[in-house]
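K.L.:
You'll find work-v8.pdb just under this line, and it carries PDB, C-alpha atoms.
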```
ATOM      1  CA  MET A1149      13.048  12.994  31.738
ATOM      2  CA  LYS A1150      16.051  13.687  29.501
ATOM      3  CA  ASP A1151      16.083  10.030  28.473
ATOM      4  CA  LYS A1152      12.379  10.203  27.614
ATOM      5  CA  ILE A1153      12.940  13.191  25.343
ATOM      6  CA  LYS A1154      15.868  11.466  23.627
ATOM      7  CA  GLN A1155      13.775   8.302  23.227
ATOM      8  CA  PHE A1156      10.894  10.359  21.850
ATOM      9  CA  ARG A1157      13.139  12.025  19.280
ATOM     10  CA  LEU A1158      14.644   8.658  18.387
ATOM     11  CA  ASN A1159      11.161   7.136  17.995
ATOM     12  CA  ILE A1160      10.283   9.871  15.496
ATOM     13  CA  THR A1161      13.633  10.204  13.727
ATOM     14  CA  VAL A1162      14.254   6.524  12.963
ATOM     15  CA  PRO A1163      10.844   5.956  11.315
ATOM     16  CA  ALA A1164      11.226   9.281   9.479
ATOM     17  CA  LEU A1165      14.545   8.133   8.069
ATOM     18  CA  PHE A1166      13.005   4.761   7.171
ATOM     19  CA  THR A1167      10.032   6.324   5.348
ATOM     20  CA  LEU A1168      12.324   8.738   3.552
ATOM     21  CA  VAL A1169      14.537   5.897   2.276
ATOM     22  CA  ILE A1170      11.538   3.748   1.313
ATOM     23  CA  GLY A1171       9.948   6.731  -0.422
ATOM     24  CA  VAL A1172      13.083   7.411  -2.465
ATOM     25  CA  LEU A1173      13.331   3.724  -3.402
ATOM     26  CA  LEU A1174       9.656   3.629  -4.454
ATOM     27  CA  LEU A1175      10.086   6.822  -6.460
ATOM     28  CA  LEU A1176      13.321   5.876  -8.207
ATOM     29  CA  PHE A1177      12.852   2.105  -8.536
ATOM     30  CA  PRO A1178       9.101   1.420  -8.576
ATOM     31  CA  THR A1179       9.314  -1.876 -10.445
ATOM     32  CA  GLU A1180      12.093  -3.317  -8.316
ATOM     33  CA  SER A1181      10.470  -2.046  -5.107
ATOM     34  CA  LEU A1182       7.134  -3.609  -6.002
ATOM     35  CA  SER A1183       8.882  -6.851  -6.814
ATOM     36  CA  ALA A1184      10.637  -6.846  -3.437
ATOM     37  CA  ILE A1185       7.369  -6.063  -1.627
ATOM     38  CA  SER A1186       5.602  -8.828  -3.558
ATOM     39  CA  LYS A1187       8.345 -11.304  -2.668
ATOM     40  CA  GLY A1188       8.032 -10.255   0.973
ATOM     41  CA  ILE A1189       4.286 -10.927   0.884
ATOM     42  CA  ALA A1190       4.945 -14.303  -0.747
ATOM     43  CA  VAL A1191       7.461 -15.216   1.982
ATOM     44  CA  ILE A1192       4.868 -14.342   4.628
ATOM     45  CA  ILE A1193       2.342 -16.614   2.878
ATOM     46  CA  ILE A1194       4.912 -19.438   2.750
ATOM     47  CA  LEU A1195       5.715 -19.022   6.447
ATOM     48  CA  CYS A1196       2.000 -19.020   7.311
ATOM     49  CA  GLY A1197       1.577 -22.290   5.401
ATOM     50  CA  ILE A1198       4.547 -23.834   7.197
ATOM     51  CA  PHE A1199       3.262 -22.594  10.559
ATOM     52  CA  ILE A1200      -0.167 -24.137   9.889
ATOM     53  CA  VAL A1201       1.439 -27.500   9.022
ATOM     54  CA  ILE A1202       3.621 -27.459  12.134
ATOM     55  CA  ASN A1203       0.692 -26.381  14.278
ATOM     56  CA  GLN A1204      -1.529 -29.143  12.900
ATOM     57  CA  VAL A1205       1.092 -31.857  13.332
ATOM     58  CA  TYR A1206       2.546 -31.000  16.727
ATOM     59  CA  GLU A1207       0.050 -28.969  18.697
ATOM     60  CA  ARG A1208      -3.391 -30.136  17.632
ATOM     61  CA  GLY A1209      -2.675 -33.699  16.751
ATOM     62  CA  PHE A1210      -2.418 -34.710  13.131
ATOM     63  CA  SER A1211      -5.215 -33.243  11.027
ATOM     64  CA  GLY A1212      -5.063 -34.160   7.354
ATOM     65  CA  LEU A1213      -7.262 -31.265   6.329
ATOM     66  CA  GLY A1214      -5.233 -28.753   8.348
ATOM     67  CA  VAL A1215      -1.959 -30.062   6.914
ATOM     68  CA  ALA A1216      -3.414 -29.931   3.378
ATOM     69  CA  VAL A1217      -4.467 -26.297   3.883
ATOM     70  CA  GLY A1218      -0.984 -25.410   5.156
ATOM     71  CA  VAL A1219       0.744 -27.197   2.270
ATOM     72  CA  ILE A1220      -1.533 -25.542  -0.296
ATOM     73  CA  LEU A1221      -0.885 -22.147   1.261
ATOM     74  CA  ALA A1222       2.892 -22.765   1.192
ATOM     75  CA  ILE A1223       2.714 -23.884  -2.456
ATOM     76  CA  ILE A1224       0.731 -20.758  -3.384
ATOM     77  CA  GLY A1225       3.354 -18.680  -1.555
ATOM     78  CA  ILE A1226       6.176 -20.374  -3.485
ATOM     79  CA  TRP A1227       4.327 -19.827  -6.752
ATOM     80  CA  LEU A1228       3.764 -16.150  -5.925
ATOM     81  CA  PHE A1229       7.416 -15.781  -4.892
ATOM     82  CA  ASN A1230       8.567 -17.124  -8.258
ATOM     83  CA  ASP A1231       6.057 -14.934 -10.095
ATOM     84  CA  SER A1232       5.824 -11.951  -7.738
ATOM     85  CA  GLY A1233       4.312  -9.652 -10.341
ATOM     86  CA  ARG A1234       0.997 -11.484  -9.998
ATOM     87  CA  ILE A1235       0.325 -10.011  -6.561
ATOM     88  CA  VAL A1236       0.909  -6.479  -7.783
ATOM     89  CA  ASN A1237      -1.016  -6.869 -11.025
ATOM     90  CA  ILE A1238      -4.120  -8.326  -9.415
ATOM     91  CA  ILE A1239      -5.267  -5.021  -7.922
ATOM     92  CA  PRO A1240      -5.575  -2.891 -11.094
ATOM     93  CA  ILE A1241      -6.939  -5.872 -13.043
ATOM     94  CA  ALA A1242      -9.686  -6.408 -10.459
ATOM     95  CA  LEU A1243     -10.503  -2.694 -10.452
ATOM     96  CA  GLY A1244     -10.456  -2.699 -14.257
ATOM     97  CA  VAL A1245     -12.954  -5.551 -14.381
ATOM     98  CA  ILE A1246     -15.220  -3.664 -11.980
ATOM     99  CA  LEU A1247     -15.005  -0.548 -14.169
ATOM    100  CA  VAL A1248     -15.809  -2.532 -17.328
ATOM    101  CA  VAL A1249     -18.759  -4.304 -15.691
ATOM    102  CA  HIS A1250     -20.139  -1.037 -14.327
ATOM    103  CA  GLY A1251     -19.564   0.616 -17.704
ATOM    104  CA  VAL A1252     -21.520  -2.112 -19.474
ATOM    105  CA  GLN A1253     -24.308  -1.751 -16.893
ATOM    106  CA  ASP A1254     -24.229   2.003 -17.498
ATOM    107  CA  LEU A1255     -24.509   1.385 -21.248
ATOM    108  CA  GLY A1256     -27.629  -0.680 -20.611
ATOM    109  CA  MET A1257     -29.088   2.150 -18.563
ATOM    110  CA  ALA A1258     -28.079   4.667 -21.262
ATOM    111  CA  PHE A1259     -29.993   2.625 -23.872
ATOM    112  CA  GLU A1260     -32.955   2.531 -21.507
ATOM    113  CA  ALA A1261     -32.731   6.308 -21.031
ATOM    114  CA  THR A1262     -32.634   6.802 -24.815
ATOM    115  CA  ARG A1263     -35.610   4.498 -25.280
ATOM    116  CA  LYS A1264     -37.558   6.480 -22.681
ATOM    117  CA  LYS A1265     -36.460   9.702 -24.454
ATOM    118  CA  ALA A1266     -34.723  11.064 -21.359
ATOM    119  CA  GLU A1267     -33.098  14.436 -21.713
ATOM    120  CA  GLY A1268     -29.279  14.328 -21.967
ATOM    121  CA  SER A1269     -29.116  10.555 -22.497
ATOM    122  CA  TRP A1270     -26.099  11.096 -24.741
ATOM    123  CA  LEU A1271     -24.140  12.039 -21.590
ATOM    124  CA  ALA A1272     -24.958   8.641 -20.076
ATOM    125  CA  PHE A1273     -23.442   6.997 -23.175
ATOM    126  CA  VAL A1274     -20.265   9.072 -22.873
ATOM    127  CA  ILE A1275     -19.892   8.264 -19.168
ATOM    128  CA  ALA A1276     -20.555   4.564 -19.754
ATOM    129  CA  LEU A1277     -18.025   4.362 -22.577
ATOM    130  CA  LEU A1278     -15.494   6.265 -20.473
ATOM    131  CA  ASN A1279     -15.935   3.738 -17.640
ATOM    132  CA  VAL A1280     -15.422   0.849 -20.054
ATOM    133  CA  LEU A1281     -12.350   2.541 -21.537
ATOM    134  CA  LEU A1282     -10.850   3.224 -18.093
ATOM    135  CA  GLY A1283     -11.478  -0.397 -17.137
ATOM    136  CA  ILE A1284      -9.742  -1.643 -20.271
ATOM    137  CA  ILE A1285      -6.792   0.654 -19.537
ATOM    138  CA  CYS A1286      -6.584  -0.714 -15.970
ATOM    139  CA  ILE A1287      -6.591  -4.279 -17.248
ATOM    140  CA  GLY A1288      -4.218  -3.686 -20.158
ATOM    141  CA  ALA A1289      -1.723  -1.471 -18.349
ATOM    142  CA  ALA A1290      -1.944  -2.995 -14.878
ATOM    143  CA  PHE A1291       1.748  -2.878 -14.042
ATOM    144  CA  GLN A1292       2.254   0.629 -15.413
ATOM    145  CA  ILE A1293      -0.650   1.879 -13.276
ATOM    146  CA  VAL A1294       0.834   0.223 -10.203
ATOM    147  CA  SER A1295       4.229   1.699 -11.052
ATOM    148  CA  LEU A1296       2.731   5.192 -11.300
ATOM    149  CA  ALA A1297       0.858   4.736  -8.016
ATOM    150  CA  THR A1298       4.061   3.458  -6.429
ATOM    151  CA  ARG A1299       5.884   6.614  -7.465
ATOM    152  CA  TRP A1300       3.153   8.743  -5.882
ATOM    153  CA  ILE A1301       3.383   6.681  -2.707
ATOM    154  CA  GLY A1302       7.147   7.218  -2.794
ATOM    155  CA  ILE A1303       6.632  10.981  -3.003
ATOM    156  CA  MET A1304       4.202  10.813  -0.074
ATOM    157  CA  MET A1305       6.673   8.826   2.021
ATOM    158  CA  ILE A1306       9.481  11.257   1.210
ATOM    159  CA  TRP A1307       7.194  14.103   2.322
ATOM    160  CA  ASP A1308       6.379  12.232   5.538
ATOM    161  CA  GLY A1309      10.053  11.629   6.303
ATOM    162  CA  ILE A1310      11.066  15.227   5.633
ATOM    163  CA  THR A1311       8.218  16.673   7.694
ATOM    164  CA  ASP A1312       9.003  14.307  10.588
ATOM    165  CA  PHE A1313      12.583  15.548  10.588
ATOM    166  CA  GLY A1314      11.318  19.138  10.592
ATOM    167  CA  ILE A1315       8.967  18.527  13.499
ATOM    168  CA  VAL A1316      11.647  16.797  15.562
ATOM    169  CA  HIS A1317      14.044  19.661  14.829
ATOM    170  CA  SER A1318      11.518  22.318  15.871
ATOM    171  CA  VAL A1319      10.643  20.476  19.101
ATOM    172  CA  ARG A1320      14.331  20.014  19.928
ATOM    173  CA  LYS A1321      15.030  23.674  19.177
ATOM    174  CA  ALA A1322      12.064  24.949  21.194
ATOM    175  CA  SER A1323      12.737  22.789  24.231
ATOM    176  CA  ASN A1324      15.738  22.687  26.514
ATOM    177  CA  ILE A1325      16.197  20.294  29.381
ATOM    178  CA  ILE A1326      17.182  21.942  32.666
ATOM    179  CA  ASP A1327      17.377  19.888  35.865
ATOM    180  CA  GLY A1328      15.271  17.100  34.394
ATOM    181  CA  THR A1329      12.389  19.359  33.316
ATOM    182  CA  ILE A1330      11.536  20.677  29.907
ATOM    183  CA  THR A1331      11.834  24.420  29.701
ATOM    184  CA  HIS A1332      10.651  26.258  26.629
ATOM    185  CA  GLU A1333      12.681  29.097  25.140
ATOM    186  CA  GLU A1334      10.079  31.678  26.056
ATOM    187  CA  ASP A1335      10.324  30.635  29.737
ATOM    188  CA  ILE A1336      14.096  31.290  29.923
TER     189      ILE A1336
END
```
As structure tokens - that is how I would like this structure written.

P.N.:
Amino acid sequence: MKDKIKQFRLNITVPALFTLVIGVLLLLFPTESLSAISKGIAVIIILCGIFIVINQVYERGFSGLGVAVGVILAIIGIWLFNDSGRIVNIIPIALGVILVVHGVQDLGMAFEATRKKAEGSWLAFVIALLNVLLGIICIGAAFQIVSLATRWIGIMMIWDGITDFGIVHSVRKASNIIDGTITHEEDI
């Protein structure tokens, strides 16, 4: 039982330390951290491409289409590795495009509301223009938005690590091991 408790504390403490370190790195070095994460994703894509090629050649018999898919995937992975910022920048750009498209659709509806003399149609124009503006900001400042989000994620991971340490400490403090059984302080 004592070994189980030690293992339990170790299983909580090690990940807590890991998330704390990652959180600090994301907070202090968001650009470099995102680049490292992007390169890691690219390496995974490269390895998947290589695995597909090997699998197609050795295990399934030679399949030209399967090998081509694996090679293309590996080439995309190499390209993303050399230009790792593309992975990170895709997310806010895609969201920005969605915001712009929805904003333009909202503008069309705002014109329709004005034409039908709907009350408060000016508010629809403001909301539509705001959506378009937010979309343009997402597209134009993609990496800065990701960097800001990365800092927030870093803060969240630091919080997670610190709270995990606190929980492990309180469990260790509240529990003592006597003759292989857990005894709580109030039972002693």

K.L.:
Point out the residue among A:Leu1221, A:Val1172, A:Ile1226, A:Ala1289 with the least atom-to-atom distance to Gly1244 in chain A, counting only C-alpha atoms.

P.N.:
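Selected residue with least distance to Gly1244 in chain A: A:Ala1289.
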
K.L.:
Looking at A:Gln1253, A:Leu1168, A:Thr1179, A:Pro1163, which one is nearest to Ile1293 in chain A, with distances taken over all atoms listed in the file?

P.N.:
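Closest residue, counting all atoms listed in the file: A:Thr1179.
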
K.L.:
Mind telling me what the PyMOL selection byres ((chain A and resi 1246-1249) around 7) catches here, as a list in words?

P.N.:
Ala1242, Leu1243, Gly1244, Val1245, His1250, Gly1251, Val1252, Gln1253, Asn1279, Val1280, Leu1282, Gly1283 and Ile1284 of chain A

K.L.:
Can you pull out the residues contacting Gly1197 in chain A? Cut-off 6 Å, using only C-alpha atoms, and skip same-chain residues under 2 positions away; I want them as a list of chain:residue names.

P.N.:
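Returned residues: A:Ile1194, A:Leu1195, A:Phe1199, A:Ile1200, A:Gly1218, A:Val1219, A:Leu1221, A:Ala1222.
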
K.L.:
When you draw a straight line from CA of Ile1238 in chain A to CA of Trp1307 in chain A, how long is it in Å?

P.N.:
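The value is 27.7 Å.
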
K.L.:
Give me, please, the distance in Å between CA of Arg1320 in chain A and CA of Gly1171 in chain A, quoted to one decimal.

P.N.:
24.7 Å

K.L.:
Calculated over only C-alpha atoms, which of the candidates A:Ile1303, A:Ile1287, A:Cys1196, A:Val1319 has the smallest distance to Val1169 in chain A?

P.N.:
A:Ile1303
